[in-house]
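Enquirer: Structure provided below as structure tokens; questions to follow.
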Amino acid sequence: MQSIDKKPINQEKAQRMADFFSFLGDANRLRILSLLAEKELCVSDLAAILEMSESAVSHQLRNLRIMRLVSYRKQGRRVFYQLHDSHVLHLYQSVAEHIDEKDEIS
């Protein structure tokens with residue numbers, strides 16, 4: 001058996017990461033992130049593109065904000081959402097590229 005110098009992540013961090021990935025296991029949240037990876041959008045634009053109610057989109061955005069995946073800015077009465085930071089963009093892009101690679105191999 002080979003020796004490993006590095007220790008595994010602790011149980012608490014592993015659980016938090018598992019919860020995070022579980023949270024991303026929702027197709028509508030990922031569809032919203034895919035649009036916000038391109039540009040910032042308001043709720044009504046997201047709802048129209050996704051063919052969802054504004055209420056359903058707002059609910060998902062609220063959850064995405066809680067997980068610090070999206071942030072927003074207000075312009076008058078409108079609220080525009082964008083990915084929270086470059087880490088979220090890179091995570092989204094990495095997973096999308098991985099899926100695309102697997103599709104090419106199949």
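By convention in this document, the chains of the structure tokens carry letters A, B, ... by their order, each chain's residues are numbered from 1, and ligands are numbered from 1 in the order they are shown.
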Please provide as a PDB file with N, CA, C and O atoms, in the first residue's frame all residues within 9 Å of Ser58 in chain A, with the sequence filter that same-chain residues fewer than 5 positions apart are discarded (counting only C-alpha atoms).

Expert:
ATOM      1  N   VAL A  43     -35.364  39.122 -13.149  1.00  0.00           N
ATOM      2  CA  VAL A  43     -36.282  37.998 -12.935  1.00  0.00           C
ATOM      3  C   VAL A  43     -37.209  37.808 -14.124  1.00  0.00           C
ATOM      4  O   VAL A  43     -37.405  36.680 -14.591  1.00  0.00           O
ATOM      5  N   ALA A  47     -37.445  34.463 -16.323  1.00  0.00           N
ATOM      6  CA  ALA A  47     -38.708  33.725 -16.383  1.00  0.00           C
ATOM      7  C   ALA A  47     -39.152  33.511 -17.826  1.00  0.00           C
ATOM      8  O   ALA A  47     -39.597  32.417 -18.194  1.00  0.00           O
ATOM      9  N   SER A  53     -42.604  30.655 -14.167  1.00  0.00           N
ATOM     10  CA  SER A  53     -43.240  31.820 -13.558  1.00  0.00           C
ATOM     11  C   SER A  53     -42.178  32.668 -12.857  1.00  0.00           C
ATOM     12  O   SER A  53     -41.125  32.162 -12.440  1.00  0.00           O
ATOM     13  N   ASN A  63     -32.749  31.064  -3.172  1.00  0.00           N
ATOM     14  CA  ASN A  63     -31.913  29.960  -2.716  1.00  0.00           C
ATOM     15  C   ASN A  63     -30.478  30.101  -3.214  1.00  0.00           C
ATOM     16  O   ASN A  63     -29.524  29.834  -2.480  1.00  0.00           O
TER      17      ASN A  63
END

Enquirer: May I have the residues within 9 Å of Asp85 in chain A as a PyMOL selection string, using only C-alpha atoms and disregarding those fewer than 6 positions away in the same chain?

Expert: chain A and resi 68-71

Enquirer: Take the selection from the previous step and output its residues with N, CA, C and O atoms, as a PDB file, in the first residue's frame.

Expert:
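Heads up, here's the output in out.pdb:
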ATOM      1  N   ARG A  68     -24.772  31.845  -1.847  1.00  0.00           N
ATOM      2  CA  ARG A  68     -23.749  32.768  -2.365  1.00  0.00           C
ATOM      3  C   ARG A  68     -23.271  32.382  -3.760  1.00  0.00           C
ATOM      4  O   ARG A  68     -22.107  32.518  -4.095  1.00  0.00           O
ATOM      5  N   LEU A  69     -24.202  31.912  -4.581  1.00  0.00           N
ATOM      6  CA  LEU A  69     -23.891  31.590  -5.967  1.00  0.00           C
ATOM      7  C   LEU A  69     -24.254  32.735  -6.896  1.00  0.00           C
ATOM      8  O   LEU A  69     -23.681  32.857  -7.981  1.00  0.00           O
ATOM      9  N   VAL A  70     -25.223  33.548  -6.502  1.00  0.00           N
ATOM     10  CA  VAL A  70     -25.584  34.724  -7.281  1.00  0.00           C
ATOM     11  C   VAL A  70     -25.633  35.936  -6.355  1.00  0.00           C
ATOM     12  O   VAL A  70     -25.810  35.816  -5.142  1.00  0.00           O
ATOM     13  N   SER A  71     -25.463  37.093  -6.966  1.00  0.00           N
ATOM     14  CA  SER A  71     -25.633  38.352  -6.255  1.00  0.00           C
ATOM     15  C   SER A  71     -26.503  39.243  -7.140  1.00  0.00           C
ATOM     16  O   SER A  71     -26.847  38.857  -8.259  1.00  0.00           O
TER      17      SER A  71
END

Enquirer: Could you name the residues that touch range 73-80 of chain A at 10 Å or less, counting only C-alpha atoms, but leaving out those on the same chain fewer than 4 positions away, as number ranges by chain?

Expert: A: 36, 39-45

Enquirer: Select from range 19-88 of chain A everything DSSP, run on the backbone, classes as strand (DSSP E or B), then give the selection as a PDB file with all heavy atoms, in the first residue's frame.

Expert:
ATOM      1  N   LEU A  41     -29.132  39.248 -15.671  1.00  0.00           N
ATOM      2  CA  LEU A  41     -30.517  39.305 -16.133  1.00  0.00           C
ATOM      3  C   LEU A  41     -31.437  39.598 -14.960  1.00  0.00           C
ATOM      4  O   LEU A  41     -31.100  39.308 -13.806  1.00  0.00           O
ATOM      5  CB  LEU A  41     -30.930  37.971 -16.764  1.00  0.00           C
ATOM      6  CG  LEU A  41     -30.222  37.579 -18.066  1.00  0.00           C
ATOM      7  CD1 LEU A  41     -30.400  36.099 -18.349  1.00  0.00           C
ATOM      8  CD2 LEU A  41     -30.755  38.419 -19.220  1.00  0.00           C
ATOM      9  N   CYS A  42     -32.605  40.140 -15.269  1.00  0.00           N
ATOM     10  CA  CYS A  42     -33.609  40.373 -14.237  1.00  0.00           C
ATOM     11  C   CYS A  42     -34.558  39.174 -14.180  1.00  0.00           C
ATOM     12  O   CYS A  42     -34.570  38.318 -15.069  1.00  0.00           O
ATOM     13  CB  CYS A  42     -34.362  41.669 -14.489  1.00  0.00           C
ATOM     14  SG  CYS A  42     -35.364  41.669 -15.979  1.00  0.00           S
ATOM     15  N   VAL A  70     -25.223  33.548  -6.502  1.00  0.00           N
ATOM     16  CA  VAL A  70     -25.584  34.724  -7.281  1.00  0.00           C
ATOM     17  C   VAL A  70     -25.633  35.936  -6.355  1.00  0.00           C
ATOM     18  O   VAL A  70     -25.810  35.816  -5.142  1.00  0.00           O
ATOM     19  CB  VAL A  70     -26.946  34.575  -8.018  1.00  0.00           C
ATOM     20  CG1 VAL A  70     -26.924  33.400  -8.973  1.00  0.00           C
ATOM     21  CG2 VAL A  70     -28.099  34.475  -7.063  1.00  0.00           C
ATOM     22  N   SER A  71     -25.463  37.093  -6.966  1.00  0.00           N
ATOM     23  CA  SER A  71     -25.633  38.352  -6.255  1.00  0.00           C
ATOM     24  C   SER A  71     -26.503  39.243  -7.140  1.00  0.00           C
ATOM     25  O   SER A  71     -26.847  38.857  -8.259  1.00  0.00           O
ATOM     26  CB  SER A  71     -24.285  39.003  -5.946  1.00  0.00           C
ATOM     27  OG  SER A  71     -23.538  39.160  -7.125  1.00  0.00           O
ATOM     28  N   TYR A  72     -26.859  40.395  -6.644  1.00  0.00           N
ATOM     29  CA  TYR A  72     -27.757  41.257  -7.413  1.00  0.00           C
ATOM     30  C   TYR A  72     -27.401  42.715  -7.228  1.00  0.00           C
ATOM     31  O   TYR A  72     -26.670  43.082  -6.321  1.00  0.00           O
ATOM     32  CB  TYR A  72     -29.213  41.008  -7.011  1.00  0.00           C
ATOM     33  CG  TYR A  72     -29.536  41.432  -5.597  1.00  0.00           C
ATOM     34  CD1 TYR A  72     -30.037  42.702  -5.340  1.00  0.00           C
ATOM     35  CD2 TYR A  72     -29.339  40.573  -4.525  1.00  0.00           C
ATOM     36  CE1 TYR A  72     -30.339  43.098  -4.042  1.00  0.00           C
ATOM     37  CE2 TYR A  72     -29.636  40.951  -3.235  1.00  0.00           C
ATOM     38  CZ  TYR A  72     -30.128  42.213  -3.000  1.00  0.00           C
ATOM     39  OH  TYR A  72     -30.419  42.613  -1.719  1.00  0.00           O
ATOM     40  N   ARG A  73     -27.934  43.504  -8.149  1.00  0.00           N
ATOM     41  CA  ARG A  73     -27.841  44.959  -8.034  1.00  0.00           C
ATOM     42  C   ARG A  73     -29.189  45.517  -8.450  1.00  0.00           C
ATOM     43  O   ARG A  73     -29.883  44.946  -9.289  1.00  0.00           O
ATOM     44  CB  ARG A  73     -26.713  45.515  -8.902  1.00  0.00           C
ATOM     45  CG  ARG A  73     -26.970  45.439 -10.371  1.00  0.00           C
ATOM     46  CD  ARG A  73     -25.866  46.123 -11.201  1.00  0.00           C
ATOM     47  NE  ARG A  73     -26.174  45.975 -12.612  1.00  0.00           N
ATOM     48  CZ  ARG A  73     -26.976  46.768 -13.305  1.00  0.00           C
ATOM     49  NH1 ARG A  73     -27.554  47.806 -12.726  1.00  0.00           N
ATOM     50  NH2 ARG A  73     -27.190  46.557 -14.590  1.00  0.00           N
ATOM     51  N   LYS A  74     -29.558  46.623  -7.828  1.00  0.00           N
ATOM     52  CA  LYS A  74     -30.830  47.268  -8.149  1.00  0.00           C
ATOM     53  C   LYS A  74     -30.576  48.434  -9.081  1.00  0.00           C
ATOM     54  O   LYS A  74     -29.607  49.174  -8.917  1.00  0.00           O
ATOM     55  CB  LYS A  74     -31.523  47.747  -6.880  1.00  0.00           C
ATOM     56  CG  LYS A  74     -32.026  46.624  -6.017  1.00  0.00           C
ATOM     57  CD  LYS A  74     -32.804  47.140  -4.841  1.00  0.00           C
ATOM     58  CE  LYS A  74     -33.335  45.977  -4.024  1.00  0.00           C
ATOM     59  NZ  LYS A  74     -34.161  46.430  -2.919  1.00  0.00           N
ATOM     60  N   GLN A  75     -31.463  48.548 -10.052  1.00  0.00           N
ATOM     61  CA  GLN A  75     -31.444  49.697 -10.961  1.00  0.00           C
ATOM     62  C   GLN A  75     -32.884  50.181 -11.037  1.00  0.00           C
ATOM     63  O   GLN A  75     -33.708  49.587 -11.733  1.00  0.00           O
ATOM     64  CB  GLN A  75     -30.926  49.284 -12.339  1.00  0.00           C
ATOM     65  CG  GLN A  75     -30.799  50.428 -13.303  1.00  0.00           C
ATOM     66  CD  GLN A  75     -30.175  49.992 -14.631  1.00  0.00           C
ATOM     67  OE1 GLN A  75     -29.573  48.933 -14.733  1.00  0.00           O
ATOM     68  NE2 GLN A  75     -30.344  50.814 -15.632  1.00  0.00           N
ATOM     69  N   ARG A  78     -35.970  47.664 -10.925  1.00  0.00           N
ATOM     70  CA  ARG A  78     -35.544  46.354 -11.431  1.00  0.00           C
ATOM     71  C   ARG A  78     -34.339  45.842 -10.652  1.00  0.00           C
ATOM     72  O   ARG A  78     -33.492  46.613 -10.223  1.00  0.00           O
ATOM     73  CB  ARG A  78     -35.211  46.442 -12.911  1.00  0.00           C
ATOM     74  CG  ARG A  78     -36.460  46.790 -13.737  1.00  0.00           C
ATOM     75  CD  ARG A  78     -36.177  46.882 -15.182  1.00  0.00           C
ATOM     76  NE  ARG A  78     -35.954  45.528 -15.700  1.00  0.00           N
ATOM     77  CZ  ARG A  78     -35.794  45.243 -16.968  1.00  0.00           C
ATOM     78  NH1 ARG A  78     -35.807  46.199 -17.857  1.00  0.00           N
ATOM     79  NH2 ARG A  78     -35.605  44.019 -17.364  1.00  0.00           N
ATOM     80  N   VAL A  79     -34.288  44.527 -10.506  1.00  0.00           N
ATOM     81  CA  VAL A  79     -33.185  43.864  -9.820  1.00  0.00           C
ATOM     82  C   VAL A  79     -32.507  42.947 -10.827  1.00  0.00           C
ATOM     83  O   VAL A  79     -33.153  42.111 -11.454  1.00  0.00           O
ATOM     84  CB  VAL A  79     -33.686  43.049  -8.612  1.00  0.00           C
ATOM     85  CG1 VAL A  79     -32.530  42.347  -7.915  1.00  0.00           C
ATOM     86  CG2 VAL A  79     -34.435  43.944  -7.633  1.00  0.00           C
ATOM     87  N   PHE A  80     -31.201  43.132 -11.005  1.00  0.00           N
ATOM     88  CA  PHE A  80     -30.435  42.329 -11.950  1.00  0.00           C
ATOM     89  C   PHE A  80     -29.544  41.365 -11.187  1.00  0.00           C
ATOM     90  O   PHE A  80     -28.870  41.749 -10.219  1.00  0.00           O
ATOM     91  CB  PHE A  80     -29.580  43.229 -12.848  1.00  0.00           C
ATOM     92  CG  PHE A  80     -30.394  44.026 -13.826  1.00  0.00           C
ATOM     93  CD1 PHE A  80     -30.907  45.260 -13.469  1.00  0.00           C
ATOM     94  CD2 PHE A  80     -30.670  43.526 -15.088  1.00  0.00           C
ATOM     95  CE1 PHE A  80     -31.669  45.999 -14.358  1.00  0.00           C
ATOM     96  CE2 PHE A  80     -31.427  44.248 -15.983  1.00  0.00           C
ATOM     97  CZ  PHE A  80     -31.937  45.488 -15.616  1.00  0.00           C
ATOM     98  N   TYR A  81     -29.545  40.120 -11.635  1.00  0.00           N
ATOM     99  CA  TYR A  81     -28.765  39.069 -10.997  1.00  0.00           C
ATOM    100  C   TYR A  81     -27.568  38.698 -11.855  1.00  0.00           C
ATOM    101  O   TYR A  81     -27.637  38.744 -13.077  1.00  0.00           O
ATOM    102  CB  TYR A  81     -29.641  37.830 -10.769  1.00  0.00           C
ATOM    103  CG  TYR A  81     -30.674  38.076  -9.706  1.00  0.00           C
ATOM    104  CD1 TYR A  81     -31.890  38.660 -10.013  1.00  0.00           C
ATOM    105  CD2 TYR A  81     -30.415  37.742  -8.383  1.00  0.00           C
ATOM    106  CE1 TYR A  81     -32.830  38.907  -9.028  1.00  0.00           C
ATOM    107  CE2 TYR A  81     -31.347  37.989  -7.391  1.00  0.00           C
ATOM    108  CZ  TYR A  81     -32.554  38.565  -7.722  1.00  0.00           C
ATOM    109  OH  TYR A  81     -33.474  38.823  -6.746  1.00  0.00           O
ATOM    110  N   GLN A  82     -26.480  38.337 -11.177  1.00  0.00           N
ATOM    111  CA  GLN A  82     -25.286  37.856 -11.857  1.00  0.00           C
ATOM    112  C   GLN A  82     -24.660  36.774 -10.969  1.00  0.00           C
ATOM    113  O   GLN A  82     -25.020  36.646  -9.799  1.00  0.00           O
ATOM    114  CB  GLN A  82     -24.282  38.977 -12.116  1.00  0.00           C
ATOM    115  CG  GLN A  82     -23.672  39.619 -10.886  1.00  0.00           C
ATOM    116  CD  GLN A  82     -24.456  40.819 -10.377  1.00  0.00           C
ATOM    117  OE1 GLN A  82     -25.157  41.484 -11.125  1.00  0.00           O
ATOM    118  NE2 GLN A  82     -24.356  41.100  -9.093  1.00  0.00           N
ATOM    119  N   LEU A  83     -23.726  36.015 -11.537  1.00  0.00           N
ATOM    120  CA  LEU A  83     -23.004  35.047 -10.728  1.00  0.00           C
ATOM    121  C   LEU A  83     -22.244  35.805  -9.649  1.00  0.00           C
ATOM    122  O   LEU A  83     -21.755  36.906  -9.879  1.00  0.00           O
ATOM    123  CB  LEU A  83     -22.038  34.228 -11.585  1.00  0.00           C
ATOM    124  CG  LEU A  83     -22.685  33.347 -12.654  1.00  0.00           C
ATOM    125  CD1 LEU A  83     -21.624  32.522 -13.373  1.00  0.00           C
ATOM    126  CD2 LEU A  83     -23.751  32.428 -12.073  1.00  0.00           C
TER     127      LEU A  83
END

Enquirer: One decimal, Å: what's the distance from CA of Pro8 in chain A over to CA of Phe20 in chain A, could you say?

Expert: 18.0 Å

Enquirer: I need the residue nearest Asn28 in chain A from this list: A:Lys13, A:His84, A:His59, A:Lys6. Use only C-alpha atoms for the distance.

Expert: A:His59
